[in-house]
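A.B. asks: After the structure tokens below, expect a handful of questions from me.
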Amino acid sequence: MQGAYAIDLSIGTPGQNFSVILDTGSTELWVPGPSCPKTECYSTLFNPQASTTFVATTDPISLVYGVGSDNGTYGRDTVTLGGYQVQNLTFGVISSAANNSIPVVGEPYLNGLLGLAFPSLTYAYKTRKAEYDPFVFALWKQNQIPQPIFSVYLGPRSATGETGQVTFGGTDSTKFSGNLQWLQVQMETYPNTTANYYHWNLLLVGLAATINGKQSSNLLGKAGEIVALDTGTTLSYMPQQAVVNMLEAIAPNAVYVQGIYIVDCSLASSTGTVDFAFGNATDSSNAVILSAPISSLVLPADSNSISTAQTCLWGIVPIDITALGTYLLGDTFLQSVYVVHDFENHVVGMASASWTNLTSSSNVATASASAAASSGSPSKGGSNSGSPITSGSASLHPITGFALVGCVCFLLL
């Protein structure tokens, strides 16, 4: 009901437990600190005085999101997640939070955030003060994982409980179908900075809908568009024209209401797919095609279950990029794929999630996404080897409202 995936970890000695949002769209680990007021931080607060290994600093942390913000100071302590333990890890101790959700009875409270994007996205990097290695980067630097990768499987939206999986240092072939297809992460440039890696950005070069075995023409409306993969975003946010084109093909009776599209709930029974073509160049050569079932993109708006919903919304939202900063492929897309994030070689490997009964492909008809065949071979270091620990269960809670979560942010409504 909070519209996000959670992962459990502990901080300090002895450990203090938190369920935090698993967010590949941001980098910082933070939890609410002792001075955060109950009107802003509704659940357990981290108590530095109760930890014998906590090290306080005066270095500020200020996180400005698509909506809301979090402020506090950095601290250092032991962080334990599954079978991993990182000592003296830098994290945010938040004293002011402007974007937290209220507790939901029967659910673990999403009480903080674990970011898995690149270190250049941290506030410490931005200020060039107290720069540090975030959690997954620290695991690699400390030789706790055999490869500089982590893999995410979210599972279907309809699932409840602990059904997702994060694998640090390797992959789990039981969670995807076919072969992993590899794509280059796109660099970003901001004012007064050189190009760098911040988000898990990919180049989207085509978009199509397949209904009753027939694939549409290209629906993207442009040669290519940068999109960020972001588990911390409940919905997906794409160019206005692309969403309009998509729904004209899939649900021509969709109604635009307050920034989202309302669709007929019967669409949840569709056997069609939305096909996303990714590439490394805007000419669409060597494209990789990943498909999401149309049924997985229909969300109940007035019920916990699609079977009892009277009103449903489309899980891809049209957005003006100036309002958000980047287009996002959030959970409504990521639930249908398995994603391997290689942070040393700056590549992403993707395949269809095993539950979809689909298989990723490396070509699509010229009339649809203008793509040619690709080899799909991994960059160095991207194969499945070693003895990774699979840690944490990412659990999805049914949506009764919906969360608008930015690529470096989260807002739970």
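Letters A, B, ... go to the chains of the structure tokens in the order shown; residues in each chain start at 1; ligands are counted from 1 in the same order.
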Would you mind listing what lies within 12 Å of A:Val20 as a short mmCIF file (atom, residue, chain, number, x, y, z; two decimals) with N, CA and C atoms, in the first residue's frame, with only C-alpha atoms counted and same-chain residues fewer than 6 positions away left out?

C.D. replies:
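Below is the file out.cif, written as the result:
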data_model
loop_
_atom_site.label_atom_id
_atom_site.label_comp_id
_atom_site.auth_asym_id
_atom_site.auth_seq_id
_atom_site.Cartn_x
_atom_site.Cartn_y
_atom_site.Cartn_z
N GLN A 2 2.13 1.11 0.38
CA GLN A 2 3.04 2.24 0.31
C GLN A 2 3.67 2.38 -1.07
N ALA A 4 5.96 0.64 -2.83
CA ALA A 4 7.41 0.54 -3.04
C ALA A 4 7.92 -0.82 -2.58
N TYR A 5 9.13 -1.13 -3.00
CA TYR A 5 9.80 -2.35 -2.58
C TYR A 5 10.72 -2.05 -1.40
N ALA A 6 10.73 -2.96 -0.42
CA ALA A 6 11.52 -2.75 0.79
C ALA A 6 12.59 -3.82 0.93
N ILE A 7 13.67 -3.47 1.60
CA ILE A 7 14.70 -4.44 1.95
C ILE A 7 15.12 -4.16 3.39
N ASP A 8 15.40 -5.22 4.13
CA ASP A 8 15.73 -5.08 5.55
C ASP A 8 17.23 -5.01 5.75
N LEU A 9 17.65 -4.13 6.66
CA LEU A 9 19.05 -4.04 7.04
C LEU A 9 19.13 -3.55 8.48
N SER A 10 20.31 -3.61 9.05
CA SER A 10 20.52 -3.08 10.40
C SER A 10 21.74 -2.19 10.40
N ILE A 11 21.73 -1.22 11.31
CA ILE A 11 22.83 -0.27 11.44
C ILE A 11 23.25 -0.22 12.90
N GLU A 28 22.45 7.38 -1.89
CA GLU A 28 22.67 7.46 -0.45
C GLU A 28 21.89 6.40 0.32
N LEU A 29 22.50 5.89 1.38
CA LEU A 29 21.78 5.18 2.43
C LEU A 29 21.46 6.19 3.51
N TRP A 30 20.19 6.28 3.90
CA TRP A 30 19.84 7.16 5.01
C TRP A 30 18.68 6.58 5.81
N VAL A 31 18.66 6.93 7.09
CA VAL A 31 17.57 6.56 7.99
C VAL A 31 17.27 7.77 8.87
N PRO A 32 16.08 7.85 9.47
CA PRO A 32 15.75 8.98 10.33
C PRO A 32 16.55 8.95 11.63
N SER A 43 8.16 6.52 12.43
CA SER A 43 8.46 5.21 12.99
C SER A 43 9.78 5.25 13.75
N THR A 44 10.47 4.12 13.78
CA THR A 44 11.70 3.98 14.55
C THR A 44 12.76 4.97 14.11
N LEU A 81 23.45 -6.33 6.02
CA LEU A 81 22.35 -6.65 5.11
C LEU A 81 22.53 -8.09 4.67
N ASN A 100 7.97 11.74 3.77
CA ASN A 100 7.68 10.40 4.28
C ASN A 100 6.20 10.06 4.22
N PRO A 108 5.45 -3.53 7.04
CA PRO A 108 6.68 -2.91 7.56
C PRO A 108 6.75 -1.48 7.07
N TYR A 109 7.12 -0.57 7.94
CA TYR A 109 7.18 0.83 7.54
C TYR A 109 8.44 1.08 6.72
N LEU A 110 8.30 1.77 5.60
CA LEU A 110 9.45 2.09 4.75
C LEU A 110 10.18 3.26 5.37
N ASN A 111 11.20 2.95 6.14
CA ASN A 111 11.79 3.89 7.09
C ASN A 111 13.21 4.27 6.68
N GLY A 112 13.35 4.79 5.47
CA GLY A 112 14.66 5.16 4.98
C GLY A 112 14.84 4.66 3.56
N LEU A 113 16.08 4.68 3.10
CA LEU A 113 16.34 4.37 1.70
C LEU A 113 17.75 3.82 1.53
N LEU A 114 17.88 2.80 0.69
CA LEU A 114 19.18 2.26 0.29
C LEU A 114 19.35 2.52 -1.19
N GLY A 115 20.25 3.45 -1.53
CA GLY A 115 20.50 3.80 -2.91
C GLY A 115 21.57 2.94 -3.54
N GLY A 232 13.12 2.68 -7.34
CA GLY A 232 12.51 3.56 -6.35
C GLY A 232 11.34 4.35 -6.88
N GLY A 392 18.38 -10.38 1.10
CA GLY A 392 17.23 -9.50 1.20
C GLY A 392 16.09 -9.94 0.30
N SER A 393 14.89 -9.80 0.81
CA SER A 393 13.70 -10.07 0.00
C SER A 393 12.99 -8.77 -0.25
N ALA A 394 12.85 -8.42 -1.50
CA ALA A 394 12.17 -7.18 -1.85
C ALA A 394 10.68 -7.45 -1.93
N SER A 395 9.92 -6.91 -1.00
CA SER A 395 8.50 -7.24 -0.96
C SER A 395 7.67 -6.09 -1.48
N PHE A 410 11.92 9.77 -3.50
CA PHE A 410 10.71 9.02 -3.34
C PHE A 410 9.68 9.88 -2.62
#

A.B. asks: Quick one: everything within 7 Å of A:Asn201, counting only C-alpha atoms, minus sequence neighbours fewer than 6 positions away in the same chain. Send it as a PyMOL selection string.

C.D. replies: chain A and resi 185-186+226-229

A.B. asks: As an exercise, work out the distance from atom CA of A:Asp302 to atom CA of A:Met246 in Å and give it to one decimal place.

C.D. replies: 23.7 Å

A.B. asks: So which bits of stretch 21-115 of chain A end up strand (DSSP E or B) when you DSSP the backbone, as a ChimeraX atom specification?

C.D. replies: /A:21-23,29-32,55-64,69-81,84-97,110-115

A.B. asks: Just write the chosen residues, C-alpha atoms, as a PDB file, in the first residue's frame.

C.D. replies:
ATOM      1  CA  ILE A  21      13.235   1.460   0.057  1.00  0.00           C
ATOM      2  CA  LEU A  22      15.425  -0.352  -2.462  1.00  0.00           C
ATOM      3  CA  ASP A  23      16.323   2.417  -4.901  1.00  0.00           C
ATOM      4  CA  LEU A  29      21.778   5.177   2.432  1.00  0.00           C
ATOM      5  CA  TRP A  30      19.844   7.157   5.014  1.00  0.00           C
ATOM      6  CA  VAL A  31      17.569   6.564   7.987  1.00  0.00           C
ATOM      7  CA  PRO A  32      15.754   8.984  10.330  1.00  0.00           C
ATOM      8  CA  VAL A  55      31.087   7.794  14.511  1.00  0.00           C
ATOM      9  CA  ALA A  56      29.424  11.198  14.261  1.00  0.00           C
ATOM     10  CA  THR A  57      30.448  13.863  11.749  1.00  0.00           C
ATOM     11  CA  THR A  58      29.450  17.459  11.115  1.00  0.00           C
ATOM     12  CA  ASP A  59      29.338  16.914   7.357  1.00  0.00           C
ATOM     13  CA  PRO A  60      25.887  17.866   6.067  1.00  0.00           C
ATOM     14  CA  ILE A  61      23.650  15.806   3.815  1.00  0.00           C
ATOM     15  CA  SER A  62      20.913  17.533   1.862  1.00  0.00           C
ATOM     16  CA  LEU A  63      18.807  15.525  -0.567  1.00  0.00           C
ATOM     17  CA  VAL A  64      16.388  17.379  -2.831  1.00  0.00           C
ATOM     18  CA  SER A  69      13.631  16.757   0.676  1.00  0.00           C
ATOM     19  CA  ASP A  70      15.693  15.223   3.480  1.00  0.00           C
ATOM     20  CA  ASN A  71      18.368  16.959   5.529  1.00  0.00           C
ATOM     21  CA  GLY A  72      20.761  15.946   8.270  1.00  0.00           C
ATOM     22  CA  THR A  73      24.378  14.946   8.725  1.00  0.00           C
ATOM     23  CA  TYR A  74      26.543  12.036   7.685  1.00  0.00           C
ATOM     24  CA  GLY A  75      27.584   9.424  10.202  1.00  0.00           C
ATOM     25  CA  ARG A  76      29.573   6.200   9.988  1.00  0.00           C
ATOM     26  CA  ASP A  77      28.693   2.817  11.433  1.00  0.00           C
ATOM     27  CA  THR A  78      28.461  -0.899  10.752  1.00  0.00           C
ATOM     28  CA  VAL A  79      25.738  -1.782   8.232  1.00  0.00           C
ATOM     29  CA  THR A  80      24.513  -5.379   7.979  1.00  0.00           C
ATOM     30  CA  LEU A  81      22.349  -6.648   5.111  1.00  0.00           C
ATOM     31  CA  TYR A  84      27.063  -8.891   4.339  1.00  0.00           C
ATOM     32  CA  GLN A  85      28.548  -6.511   6.856  1.00  0.00           C
ATOM     33  CA  VAL A  86      30.298  -3.247   6.000  1.00  0.00           C
ATOM     34  CA  GLN A  87      32.089  -1.526   8.834  1.00  0.00           C
ATOM     35  CA  ASN A  88      32.468   2.226   9.097  1.00  0.00           C
ATOM     36  CA  LEU A  89      30.051   2.847   6.218  1.00  0.00           C
ATOM     37  CA  THR A  90      28.967   6.437   5.635  1.00  0.00           C
ATOM     38  CA  PHE A  91      25.199   7.045   5.707  1.00  0.00           C
ATOM     39  CA  GLY A  92      22.771   9.880   6.324  1.00  0.00           C
ATOM     40  CA  VAL A  93      21.254  10.514   9.756  1.00  0.00           C
ATOM     41  CA  ILE A  94      18.203  12.558   8.826  1.00  0.00           C
ATOM     42  CA  SER A  95      16.864  15.294  11.091  1.00  0.00           C
ATOM     43  CA  SER A  96      14.244  16.725   8.725  1.00  0.00           C
ATOM     44  CA  ALA A  97      12.109  14.796   6.239  1.00  0.00           C
ATOM     45  CA  LEU A 110       9.452   2.085   4.753  1.00  0.00           C
ATOM     46  CA  ASN A 111      11.792   3.891   7.088  1.00  0.00           C
ATOM     47  CA  GLY A 112      14.663   5.160   4.976  1.00  0.00           C
ATOM     48  CA  LEU A 113      16.339   4.370   1.697  1.00  0.00           C
ATOM     49  CA  LEU A 114      19.181   2.262   0.286  1.00  0.00           C
ATOM     50  CA  GLY A 115      20.501   3.805  -2.915  1.00  0.00           C
TER      51      GLY A 115
END

A.B. asks: What lies within 12 Å of A:Leu328 using only C-alpha atoms, ignoring chain neighbours under 4 positions off, as number ranges by chain?

C.D. replies: A: 24-25, 199-204, 225-239, 315-321, 324, 332-334, 404-409

A.B. asks: Just write the chosen residues, N, CA and C atoms, as a short mmCIF file (atom, residue, chain, number, x, y, z; two decimals), in the first residue's frame.

C.D. replies:
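Dumped everything to part19.cif:
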data_model
loop_
_atom_site.label_atom_id
_atom_site.label_comp_id
_atom_site.auth_asym_id
_atom_site.auth_seq_id
_atom_site.Cartn_x
_atom_site.Cartn_y
_atom_site.Cartn_z
N THR A 24 17.41 1.98 -7.03
CA THR A 24 18.51 2.06 -7.97
C THR A 24 18.58 3.44 -8.64
N GLY A 25 17.65 4.33 -8.27
CA GLY A 25 17.64 5.67 -8.85
C GLY A 25 18.35 6.70 -7.99
N HIS A 199 23.10 7.99 -12.97
CA HIS A 199 21.98 7.06 -12.91
C HIS A 199 22.23 5.87 -13.84
N TRP A 200 21.38 4.86 -13.70
CA TRP A 200 21.43 3.72 -14.61
C TRP A 200 20.64 4.07 -15.87
N ASN A 201 21.23 4.93 -16.68
CA ASN A 201 20.59 5.46 -17.88
C ASN A 201 20.83 4.57 -19.09
N LEU A 202 19.76 4.31 -19.84
CA LEU A 202 19.87 3.57 -21.10
C LEU A 202 19.25 4.39 -22.22
N LEU A 203 19.61 4.05 -23.44
CA LEU A 203 19.05 4.71 -24.61
C LEU A 203 17.89 3.89 -25.16
N LEU A 204 16.70 4.45 -25.10
CA LEU A 204 15.51 3.82 -25.67
C LEU A 204 15.38 4.29 -27.12
N GLU A 225 15.63 8.27 -26.89
CA GLU A 225 15.41 9.01 -25.66
C GLU A 225 16.13 8.32 -24.51
N ILE A 226 16.79 9.09 -23.66
CA ILE A 226 17.46 8.55 -22.48
C ILE A 226 16.42 8.27 -21.40
N VAL A 227 16.46 7.06 -20.83
CA VAL A 227 15.57 6.70 -19.74
C VAL A 227 16.40 6.09 -18.61
N ALA A 228 15.98 6.32 -17.38
CA ALA A 228 16.69 5.80 -16.22
C ALA A 228 15.92 4.62 -15.64
N LEU A 229 16.64 3.54 -15.33
CA LEU A 229 16.04 2.40 -14.65
C LEU A 229 16.02 2.71 -13.16
N ASP A 230 14.85 2.62 -12.52
CA ASP A 230 14.73 3.11 -11.15
C ASP A 230 13.72 2.31 -10.35
N THR A 231 14.23 1.41 -9.48
CA THR A 231 13.34 0.62 -8.64
C THR A 231 12.63 1.48 -7.59
N GLY A 232 13.12 2.68 -7.34
CA GLY A 232 12.51 3.56 -6.35
C GLY A 232 11.34 4.35 -6.88
N THR A 233 10.95 4.11 -8.13
CA THR A 233 9.81 4.78 -8.73
C THR A 233 8.71 3.76 -8.98
N THR A 234 7.53 4.00 -8.44
CA THR A 234 6.44 3.04 -8.55
C THR A 234 5.95 2.91 -10.00
N LEU A 235 5.66 4.04 -10.63
CA LEU A 235 5.19 4.05 -12.01
C LEU A 235 6.36 4.31 -12.95
N SER A 236 6.07 4.45 -14.24
CA SER A 236 7.08 4.82 -15.22
C SER A 236 6.66 6.13 -15.86
N TYR A 237 7.63 6.94 -16.29
CA TYR A 237 7.36 8.28 -16.80
C TYR A 237 8.05 8.45 -18.15
N MET A 238 7.24 8.67 -19.19
CA MET A 238 7.75 8.72 -20.54
C MET A 238 7.21 9.94 -21.28
N PRO A 239 7.76 10.25 -22.46
CA PRO A 239 7.31 11.42 -23.20
C PRO A 239 5.81 11.37 -23.50
N GLY A 315 0.05 2.23 -15.97
CA GLY A 315 1.27 2.35 -15.19
C GLY A 315 2.39 3.13 -15.85
N ILE A 316 2.15 3.73 -17.02
CA ILE A 316 3.13 4.59 -17.67
C ILE A 316 2.50 5.98 -17.80
N VAL A 317 3.15 6.96 -17.22
CA VAL A 317 2.60 8.31 -17.09
C VAL A 317 3.30 9.26 -18.04
N PRO A 318 2.57 10.11 -18.77
CA PRO A 318 3.21 11.14 -19.60
C PRO A 318 3.76 12.25 -18.72
N ILE A 319 4.94 12.72 -19.04
CA ILE A 319 5.57 13.74 -18.20
C ILE A 319 6.37 14.70 -19.06
N ASP A 320 6.40 15.95 -18.64
CA ASP A 320 7.28 16.95 -19.24
C ASP A 320 8.65 16.78 -18.61
N ILE A 321 9.65 16.48 -19.41
CA ILE A 321 10.97 16.18 -18.86
C ILE A 321 11.53 17.33 -18.02
N LEU A 324 10.68 16.75 -14.35
CA LEU A 324 11.25 15.61 -13.63
C LEU A 324 12.75 15.51 -13.80
N THR A 332 6.73 -0.47 -12.79
CA THR A 332 5.76 -1.03 -13.73
C THR A 332 6.45 -1.66 -14.95
N PHE A 333 7.66 -1.20 -15.27
CA PHE A 333 8.46 -1.85 -16.30
C PHE A 333 9.40 -2.89 -15.70
N LEU A 334 10.08 -2.53 -14.62
CA LEU A 334 11.14 -3.38 -14.07
C LEU A 334 10.63 -4.69 -13.50
N LEU A 404 4.36 8.71 -6.52
CA LEU A 404 5.12 9.42 -7.54
C LEU A 404 6.54 9.51 -7.01
N VAL A 405 7.42 8.73 -7.62
CA VAL A 405 8.75 8.60 -7.08
C VAL A 405 9.76 8.97 -8.14
N GLY A 406 10.57 9.98 -7.90
CA GLY A 406 11.52 10.45 -8.89
C GLY A 406 12.78 9.63 -8.91
N CYS A 407 13.61 9.86 -9.90
CA CYS A 407 14.79 9.02 -10.09
C CYS A 407 15.79 9.18 -8.97
N VAL A 408 15.80 10.30 -8.29
CA VAL A 408 16.67 10.44 -7.14
C VAL A 408 15.80 10.77 -5.93
N CYS A 409 14.60 10.20 -5.93
CA CYS A 409 13.69 10.62 -4.88
C CYS A 409 12.65 9.57 -4.59
#

A.B. asks: Once you count only C-alpha atoms, what closest atom pair and distance in Å to one decimal does each residue of stretch 143-241 of chain A within 7 Å of stretch 345-352 of chain A have, with rows by chain and rising residue number, as JSON lines?

C.D. replies:
{"residue": "A:Phe176", "atom": "CA", "partner": "A:Ser352", "partner_atom": "CA", "distance": 5.5}
{"residue": "A:Ser177", "atom": "CA", "partner": "A:Ser352", "partner_atom": "CA", "distance": 5.5}
{"residue": "A:Gly178", "atom": "CA", "partner": "A:Ala351", "partner_atom": "CA", "distance": 6.7}
{"residue": "A:Asn179", "atom": "CA", "partner": "A:Ala351", "partner_atom": "CA", "distance": 6.3}
{"residue": "A:Leu180", "atom": "CA", "partner": "A:Ala351", "partner_atom": "CA", "distance": 4.9}
{"residue": "A:Gln181", "atom": "CA", "partner": "A:Gly349", "partner_atom": "CA", "distance": 5.1}
{"residue": "A:Trp182", "atom": "CA", "partner": "A:Gly349", "partner_atom": "CA", "distance": 4.3}
{"residue": "A:Leu183", "atom": "CA", "partner": "A:Val348", "partner_atom": "CA", "distance": 5.2}
{"residue": "A:Gln184", "atom": "CA", "partner": "A:Val347", "partner_atom": "CA", "distance": 4.5}
{"residue": "A:Val185", "atom": "CA", "partner": "A:Val347", "partner_atom": "CA", "distance": 5.2}

A.B. asks: Quick one: write out the picked residues with N, CA and C atoms as a PDB file, in the first residue's frame?

C.D. replies:
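This went into selection.pdb:
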ATOM      1  N   PHE A 176      15.326 -15.451 -14.704  1.00  0.00           N
ATOM      2  CA  PHE A 176      15.124 -14.856 -16.022  1.00  0.00           C
ATOM      3  C   PHE A 176      15.108 -15.922 -17.096  1.00  0.00           C
ATOM      4  N   SER A 177      14.556 -15.531 -18.255  1.00  0.00           N
ATOM      5  CA  SER A 177      14.451 -16.434 -19.398  1.00  0.00           C
ATOM      6  C   SER A 177      15.373 -15.962 -20.518  1.00  0.00           C
ATOM      7  N   GLY A 178      15.965 -16.899 -21.239  1.00  0.00           N
ATOM      8  CA  GLY A 178      16.845 -16.542 -22.344  1.00  0.00           C
ATOM      9  C   GLY A 178      18.186 -16.037 -21.852  1.00  0.00           C
ATOM     10  N   ASN A 179      18.872 -15.298 -22.714  1.00  0.00           N
ATOM     11  CA  ASN A 179      20.197 -14.784 -22.397  1.00  0.00           C
ATOM     12  C   ASN A 179      20.134 -13.321 -21.970  1.00  0.00           C
ATOM     13  N   LEU A 180      21.048 -12.933 -21.107  1.00  0.00           N
ATOM     14  CA  LEU A 180      21.173 -11.530 -20.758  1.00  0.00           C
ATOM     15  C   LEU A 180      21.657 -10.743 -21.966  1.00  0.00           C
ATOM     16  N   GLN A 181      21.033  -9.602 -22.210  1.00  0.00           N
ATOM     17  CA  GLN A 181      21.411  -8.720 -23.303  1.00  0.00           C
ATOM     18  C   GLN A 181      22.077  -7.478 -22.690  1.00  0.00           C
ATOM     19  N   TRP A 182      23.235  -7.095 -23.195  1.00  0.00           N
ATOM     20  CA  TRP A 182      24.059  -6.075 -22.537  1.00  0.00           C
ATOM     21  C   TRP A 182      24.000  -4.737 -23.257  1.00  0.00           C
ATOM     22  N   LEU A 183      23.883  -3.679 -22.459  1.00  0.00           N
ATOM     23  CA  LEU A 183      23.760  -2.317 -22.977  1.00  0.00           C
ATOM     24  C   LEU A 183      24.656  -1.367 -22.201  1.00  0.00           C
ATOM     25  N   GLN A 184      25.161  -0.371 -22.908  1.00  0.00           N
ATOM     26  CA  GLN A 184      26.031   0.626 -22.295  1.00  0.00           C
ATOM     27  C   GLN A 184      25.217   1.618 -21.472  1.00  0.00           C
ATOM     28  N   VAL A 185      25.668   1.916 -20.258  1.00  0.00           N
ATOM     29  CA  VAL A 185      25.062   2.982 -19.455  1.00  0.00           C
ATOM     30  C   VAL A 185      25.461   4.321 -20.066  1.00  0.00           C
TER      31      VAL A 185
END

A.B. asks: Got a sec: who's within 6 Å of stretch 145-147 of chain A, counting only C-alpha atoms, leaving out chain neighbours fewer than 2 positions off, as an MDAnalysis selection string?

C.D. replies: chainID A and resid 140 143 149 169 386

A.B. asks: Generate the output file for the selected residues, N, CA and C atoms, as a PDB file, in the first residue's frame.

C.D. replies:
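Printed below is selection-v1.pdb as written:
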ATOM      1  N   TRP A 140      32.400  -4.292  -2.975  1.00  0.00           N
ATOM      2  CA  TRP A 140      33.373  -4.643  -4.005  1.00  0.00           C
ATOM      3  C   TRP A 140      34.783  -4.265  -3.565  1.00  0.00           C
ATOM      4  N   ASN A 143      36.315  -6.685  -1.214  1.00  0.00           N
ATOM      5  CA  ASN A 143      36.413  -8.060  -1.715  1.00  0.00           C
ATOM      6  C   ASN A 143      35.372  -8.995  -1.096  1.00  0.00           C
ATOM      7  N   ILE A 149      29.027  -6.353  -9.589  1.00  0.00           N
ATOM      8  CA  ILE A 149      27.670  -6.311 -10.124  1.00  0.00           C
ATOM      9  C   ILE A 149      26.663  -6.566  -9.010  1.00  0.00           C
ATOM     10  N   GLY A 169      26.939  -9.344  -6.374  1.00  0.00           N
ATOM     11  CA  GLY A 169      28.129 -10.040  -6.848  1.00  0.00           C
ATOM     12  C   GLY A 169      27.880 -11.122  -7.872  1.00  0.00           C
ATOM     13  N   GLY A 386      31.610 -17.137  -9.518  1.00  0.00           N
ATOM     14  CA  GLY A 386      31.861 -16.844  -8.114  1.00  0.00           C
ATOM     15  C   GLY A 386      30.777 -17.435  -7.231  1.00  0.00           C
TER      16      GLY A 386
END

A.B. asks: Could you check which of A:Val288, A:Ile306, A:Val244, A:Ala301 is closest to A:Ile262, using only C-alpha atoms?

C.D. replies: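 Closest to A:Ile262, using only C-alpha atoms: A:Ala301.
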
A.B. asks: Determine which residues of stretch 122-240 of chain A DSSP labels as helix (DSSP H, G or I) from the backbone of this structure, then write them out as a ChimeraX atom specification.

C.D. replies: /A:123-127,135-141,173-175,240

A.B. asks: If I take atom CA of A:Ser19 and atom CA of A:Lys126, how far is one from the other in Å, to one decimal?

C.D. replies: 26.9 Å

A.B. asks: Just give me the gap between atom CA of A:Ala138 and atom CA of A:Leu121 in Å, one decimal is fine.

C.D. replies: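 The value is 15.4 Å.
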
A.B. asks: List the spatial neighbours of A:Lys222 as an MDAnalysis selection string - criterion: any atom at most 9 Å away, only C-alpha atoms, same-chain residues fewer than 6 positions off excluded.

C.D. replies: chainID A and resid 205:206 242
